[in-house]
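A.B. asks: What follows is final14.cif; its format and atoms are mmCIF, C-alpha atoms; chains and numbers go by the auth columns.
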data_protein
loop_
_atom_site.group_PDB
_atom_site.id
_atom_site.type_symbol
_atom_site.label_atom_id
_atom_site.label_comp_id
_atom_site.label_asym_id
_atom_site.label_seq_id
_atom_site.Cartn_x
_atom_site.Cartn_y
_atom_site.Cartn_z
_atom_site.B_iso_or_equiv
_atom_site.auth_seq_id
_atom_site.auth_asym_id
ATOM 1 C CA MET A 1 -180.022 78.937 -55.991 0.00 221 A
ATOM 2 C CA LYS A 2 -176.409 79.380 -54.882 0.00 222 A
ATOM 3 C CA GLU A 3 -173.652 77.262 -56.407 0.00 223 A
ATOM 4 C CA LYS A 4 -172.418 74.643 -53.921 0.00 224 A
ATOM 5 C CA ILE A 5 -168.649 74.390 -53.596 0.00 225 A
ATOM 6 C CA LEU A 6 -166.347 72.211 -51.527 0.00 226 A
ATOM 7 C CA VAL A 7 -163.654 74.326 -49.868 0.00 227 A
ATOM 8 C CA SER A 8 -160.505 73.302 -48.021 0.00 228 A
ATOM 9 C CA ALA A 9 -161.354 74.206 -44.428 0.00 229 A
ATOM 10 C CA CYS A 10 -157.851 75.583 -43.813 0.00 230 A
ATOM 11 C CA LEU A 11 -158.511 78.286 -46.435 0.00 231 A
ATOM 12 C CA LEU A 12 -161.526 79.346 -44.362 0.00 232 A
ATOM 13 C CA GLY A 13 -159.457 79.821 -41.215 0.00 233 A
ATOM 14 C CA VAL A 14 -160.030 76.420 -39.608 0.00 234 A
ATOM 15 C CA ASN A 15 -156.908 75.316 -37.727 0.00 235 A
ATOM 16 C CA CYS A 16 -156.662 71.919 -39.423 0.00 236 A
ATOM 17 C CA LYS A 17 -153.356 72.376 -41.278 0.00 237 A
ATOM 18 C CA TYR A 18 -150.641 69.824 -40.435 0.00 238 A
ATOM 19 C CA ASP A 19 -148.954 72.256 -38.011 0.00 239 A
ATOM 20 C CA GLY A 20 -152.205 73.160 -36.245 0.00 240 A
ATOM 21 C CA THR A 21 -152.606 76.521 -37.997 0.00 241 A
ATOM 22 C CA ASN A 22 -154.613 77.547 -41.077 0.00 242 A
ATOM 23 C CA ASN A 23 -154.236 79.137 -44.502 0.00 243 A
ATOM 24 C CA GLU A 24 -157.001 81.743 -44.188 0.00 244 A
ATOM 25 C CA ASN A 25 -157.201 83.730 -47.398 0.00 245 A
ATOM 26 C CA LYS A 26 -159.193 86.934 -47.980 0.00 246 A
ATOM 27 C CA LYS A 27 -159.408 86.310 -51.749 0.00 247 A
ATOM 28 C CA VAL A 28 -161.085 82.996 -50.988 0.00 248 A
ATOM 29 C CA PHE A 29 -163.771 84.719 -48.900 0.00 249 A
ATOM 30 C CA GLU A 30 -164.340 87.283 -51.646 0.00 250 A
ATOM 31 C CA TYR A 31 -164.681 84.545 -54.272 0.00 251 A
ATOM 32 C CA LEU A 32 -167.102 82.566 -52.093 0.00 252 A
ATOM 33 C CA LYS A 33 -169.414 85.435 -51.110 0.00 253 A
ATOM 34 C CA ASP A 34 -172.253 84.284 -53.407 0.00 254 A
ATOM 35 C CA LYS A 35 -171.713 80.513 -53.045 0.00 255 A
ATOM 36 C CA GLU A 36 -172.875 77.821 -50.643 0.00 256 A
ATOM 37 C CA ILE A 37 -169.686 76.758 -48.845 0.00 257 A
ATOM 38 C CA ILE A 38 -169.083 73.144 -47.828 0.00 258 A
ATOM 39 C CA PRO A 39 -165.849 72.969 -45.783 0.00 259 A
ATOM 40 C CA ILE A 40 -163.742 69.812 -46.009 0.00 260 A
ATOM 41 C CA CYS A 41 -160.454 68.590 -44.553 0.00 261 A
ATOM 42 C CA PRO A 42 -159.674 65.249 -46.179 0.00 262 A
ATOM 43 C CA GLU A 43 -156.646 64.624 -43.969 0.00 263 A
ATOM 44 C CA VAL A 44 -158.670 64.964 -40.766 0.00 264 A
ATOM 45 C CA TRP A 45 -161.552 63.018 -42.321 0.00 265 A
ATOM 46 C CA GLY A 46 -159.034 60.285 -43.135 0.00 266 A
ATOM 47 C CA GLY A 47 -158.211 59.910 -39.463 0.00 267 A
ATOM 48 C CA LEU A 48 -155.079 62.043 -39.103 0.00 268 A
ATOM 49 C CA THR A 49 -154.664 64.306 -36.095 0.00 269 A
ATOM 50 C CA THR A 50 -154.076 68.043 -35.934 0.00 270 A
ATOM 51 C CA PRO A 51 -151.280 68.791 -35.586 0.00 271 A
ATOM 52 C CA ARG A 52 -149.633 65.950 -37.560 0.00 272 A
ATOM 53 C CA ASP A 53 -146.353 65.276 -39.285 0.00 273 A
ATOM 54 C CA PRO A 54 -146.095 66.931 -42.709 0.00 274 A
ATOM 55 C CA SER A 55 -146.711 64.521 -45.587 0.00 275 A
ATOM 56 C CA GLU A 56 -145.843 64.420 -49.282 0.00 276 A
ATOM 57 C CA ILE A 57 -146.653 62.145 -52.194 0.00 277 A
ATOM 58 C CA LYS A 58 -143.873 59.945 -53.536 0.00 278 A
ATOM 59 C CA GLY A 59 -144.948 57.821 -56.469 0.00 279 A
ATOM 60 C CA ASP A 60 -148.448 56.596 -55.697 0.00 280 A
ATOM 61 C CA ARG A 61 -148.017 56.618 -51.906 0.00 281 A
ATOM 62 C CA VAL A 62 -148.116 59.333 -49.238 0.00 282 A
ATOM 63 C CA TYR A 63 -145.446 59.432 -46.533 0.00 283 A
ATOM 64 C CA SER A 64 -144.915 61.587 -43.482 0.00 284 A
ATOM 65 C CA ASN A 65 -141.574 63.304 -43.030 0.00 285 A
ATOM 66 C CA LYS A 66 -140.779 60.531 -40.526 0.00 286 A
ATOM 67 C CA GLY A 67 -141.281 57.834 -43.173 0.00 287 A
ATOM 68 C CA GLN A 68 -144.720 56.637 -42.045 0.00 288 A
ATOM 69 C CA ASP A 69 -146.944 55.477 -44.923 0.00 289 A
ATOM 70 C CA VAL A 70 -150.198 57.445 -44.487 0.00 290 A
ATOM 71 C CA THR A 71 -151.648 56.607 -47.904 0.00 291 A
ATOM 72 C CA GLU A 72 -154.716 54.882 -46.473 0.00 292 A
ATOM 73 C CA ASN A 73 -155.616 57.967 -44.415 0.00 293 A
ATOM 74 C CA PHE A 74 -155.334 60.168 -47.496 0.00 294 A
ATOM 75 C CA GLN A 75 -157.398 57.730 -49.584 0.00 295 A
ATOM 76 C CA ARG A 76 -160.109 57.514 -46.915 0.00 296 A
ATOM 77 C CA GLY A 77 -160.327 61.316 -46.719 0.00 297 A
ATOM 78 C CA ALA A 78 -160.538 61.569 -50.510 0.00 298 A
ATOM 79 C CA ILE A 79 -163.376 59.031 -50.617 0.00 299 A
ATOM 80 C CA GLU A 80 -165.267 60.832 -47.836 0.00 300 A
ATOM 81 C CA SER A 81 -164.894 64.127 -49.725 0.00 301 A
ATOM 82 C CA LEU A 82 -166.166 62.557 -52.945 0.00 302 A
ATOM 83 C CA ASN A 83 -169.104 60.918 -51.154 0.00 303 A
ATOM 84 C CA LEU A 84 -170.135 64.270 -49.685 0.00 304 A
ATOM 85 C CA ALA A 85 -169.804 66.001 -53.051 0.00 305 A
ATOM 86 C CA LYS A 86 -171.992 63.369 -54.720 0.00 306 A
ATOM 87 C CA LYS A 87 -174.588 63.498 -51.936 0.00 307 A
ATOM 88 C CA LEU A 88 -174.883 67.281 -52.203 0.00 308 A
ATOM 89 C CA GLY A 89 -174.591 67.554 -55.992 0.00 309 A
ATOM 90 C CA VAL A 90 -171.376 69.583 -55.855 0.00 310 A
ATOM 91 C CA LYS A 91 -169.687 70.298 -59.197 0.00 311 A
ATOM 92 C CA LYS A 92 -166.755 72.475 -58.069 0.00 312 A
ATOM 93 C CA ALA A 93 -164.112 72.580 -55.361 0.00 313 A
ATOM 94 C CA LEU A 94 -161.703 75.277 -54.162 0.00 314 A
ATOM 95 C CA LEU A 95 -158.785 73.397 -52.640 0.00 315 A
ATOM 96 C CA LYS A 96 -155.428 74.241 -51.037 0.00 316 A
ATOM 97 C CA ALA A 97 -152.656 74.463 -53.614 0.00 317 A
ATOM 98 C CA LYS A 98 -149.666 72.103 -53.431 0.00 318 A
ATOM 99 C CA SER A 99 -151.206 69.958 -50.670 0.00 319 A
ATOM 100 C CA PRO A 100 -150.797 66.159 -50.807 0.00 320 A
ATOM 101 C CA SER A 101 -154.595 65.999 -50.445 0.00 321 A
ATOM 102 C CA CYS A 102 -155.786 69.034 -52.320 0.00 322 A
ATOM 103 C CA GLY A 103 -153.006 70.101 -54.702 0.00 323 A
ATOM 104 C CA ASN A 104 -154.156 70.622 -58.269 0.00 324 A
ATOM 105 C CA GLY A 105 -151.475 70.402 -60.944 0.00 325 A
ATOM 106 C CA ILE A 106 -148.517 71.113 -58.641 0.00 326 A
ATOM 107 C CA ILE A 107 -147.465 69.213 -55.512 0.00 327 A
ATOM 108 C CA TYR A 108 -144.284 68.748 -53.510 0.00 328 A
ATOM 109 C CA ASP A 109 -141.991 65.992 -54.821 0.00 329 A
ATOM 110 C CA GLY A 110 -141.878 63.745 -51.747 0.00 330 A
ATOM 111 C CA THR A 111 -138.366 64.723 -50.628 0.00 331 A
ATOM 112 C CA PHE A 112 -139.475 67.356 -48.084 0.00 332 A
ATOM 113 C CA SER A 113 -137.023 69.773 -49.708 0.00 333 A
ATOM 114 C CA GLY A 114 -139.562 72.301 -51.030 0.00 334 A
ATOM 115 C CA VAL A 115 -139.203 71.089 -54.635 0.00 335 A
ATOM 116 C CA LYS A 116 -142.470 71.178 -56.573 0.00 336 A
ATOM 117 C CA ILE A 117 -143.487 68.895 -59.439 0.00 337 A
ATOM 118 C CA GLU A 118 -146.513 68.362 -61.657 0.00 338 A
ATOM 119 C CA GLY A 119 -149.084 66.281 -59.872 0.00 339 A
ATOM 120 C CA TYR A 120 -152.338 66.081 -57.977 0.00 340 A
ATOM 121 C CA GLY A 121 -153.230 65.526 -54.353 0.00 341 A
ATOM 122 C CA MET A 122 -155.206 62.393 -53.541 0.00 342 A
ATOM 123 C CA THR A 123 -158.508 64.217 -53.026 0.00 343 A
ATOM 124 C CA SER A 124 -158.223 66.572 -55.987 0.00 344 A
ATOM 125 C CA ARG A 125 -157.353 63.635 -58.272 0.00 345 A
ATOM 126 C CA LEU A 126 -160.371 61.612 -57.121 0.00 346 A
ATOM 127 C CA LEU A 127 -162.744 64.574 -57.384 0.00 347 A
ATOM 128 C CA LYS A 128 -161.404 65.454 -60.840 0.00 348 A
ATOM 129 C CA GLU A 129 -161.785 61.835 -62.032 0.00 349 A
ATOM 130 C CA ASN A 130 -165.425 62.086 -60.981 0.00 350 A
ATOM 131 C CA GLY A 131 -166.192 65.252 -62.940 0.00 351 A
ATOM 132 C CA ILE A 132 -165.721 67.883 -60.254 0.00 352 A
ATOM 133 C CA ASP A 133 -163.905 71.049 -61.364 0.00 353 A
ATOM 134 C CA ILE A 134 -160.986 71.978 -59.133 0.00 354 A
ATOM 135 C CA ILE A 135 -159.429 75.377 -58.541 0.00 355 A
ATOM 136 C CA THR A 136 -156.970 76.518 -55.885 0.00 356 A
ATOM 137 C CA GLU A 137 -156.454 79.814 -54.110 0.00 357 A
ATOM 138 C CA LEU A 138 -153.664 80.522 -56.603 0.00 358 A
ATOM 139 C CA ASP A 139 -156.211 80.529 -59.434 0.00 359 A
ATOM 140 C CA LEU A 140 -158.010 83.425 -57.744 0.00 360 A
ATOM 141 C CA ASP A 141 -155.067 85.635 -58.688 0.00 361 A
ATOM 142 C CA LYS A 142 -155.881 84.933 -62.333 0.00 362 A
ATOM 143 C CA ASP A 143 -159.077 85.745 -64.219 0.00 363 A
ATOM 144 C CA ASN A 144 -161.673 84.143 -61.924 0.00 364 A
#
Just give me the structure as structure tokens.
C.D. replies:
Amino acid sequence: MKEKILVSACLLGVNCKYDGTNNENKKVFEYLKDKEIIPICPEVWGGLTTPRDPSEIKGDRVYSNKGQDVTENFQRGAIESLNLAKKLGVKKALLKAKSPSCGNGIIYDGTFSGVKIEGYGMTSRLLKENGIDIITELDLDKDN
């Protein structure tokens, strides 16, 4: 039986990134070749449109670059992602690095200046708190 894995849809070539494009990554496809892929986009699942204003985490809230508080959208998408993972018995996720939803260990600092800090996106934090292992596409450059 193949391992089930949640995967950020943008890494699979789905145009759901904030600017309407994607983050398609050949290393991701190589890594996933023997796994059952479950695509997710927590931001879209949380009710945000594509395209949408870029967002970053500041403190425990998420704001767009225009100052709109979009925390509830990000929380809703995180909960939907967790619910799907639980329903399908998923134990691992491959998520988009540095994203305010999917970042794992490093995120942008909330100033929209490109500065990165230690932290977790809303979805990766919730999944991690519920026992799901998280990796990003950057981890595929390591020993995986």
A.B. asks: Selection in question (the file shown): the PyMOL selection byres ((chain A and resi 230) around 9). Which residues does it include, as a ChimeraX atom specification?
C.D. replies: /A:227-229,231-237,241-245,259-261,316
A.B. asks: For Lys348 of chain A, work out the shell of residues within 10 Å, counting all atoms listed in the file and skipping chain neighbours fewer than 5 positions away, then give it as a PyMOL selection string.
C.D. replies: chain A and resi 302+311-313+324+340+343+353-354
A.B. asks: Could you give me, as a ChimeraX atom specification, the residues within 12 Å of Ser319 of chain A, counting all atoms listed in the file and dropping anything in the same chain fewer than 6 positions from it?
C.D. replies: /A:228,230-231,237-238,243,261-263,274-277,282,294,325-330,334,336-337,339-345,356-357
A.B. asks: Could you check which of A:Glu300, A:Asp273, A:Glu338, A:Glu292 is closest to Ala317 of chain A, using all atoms listed in the file?
C.D. replies: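 The shortest atom-to-atom distance to Ala317 of chain A comes from A:Glu338.
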A.B. asks: Given the file above and the PyMOL selection byres ((chain A and resi 251) around 12), which residues are selected, and can you give them as a count of residues only?
C.D. replies: 28
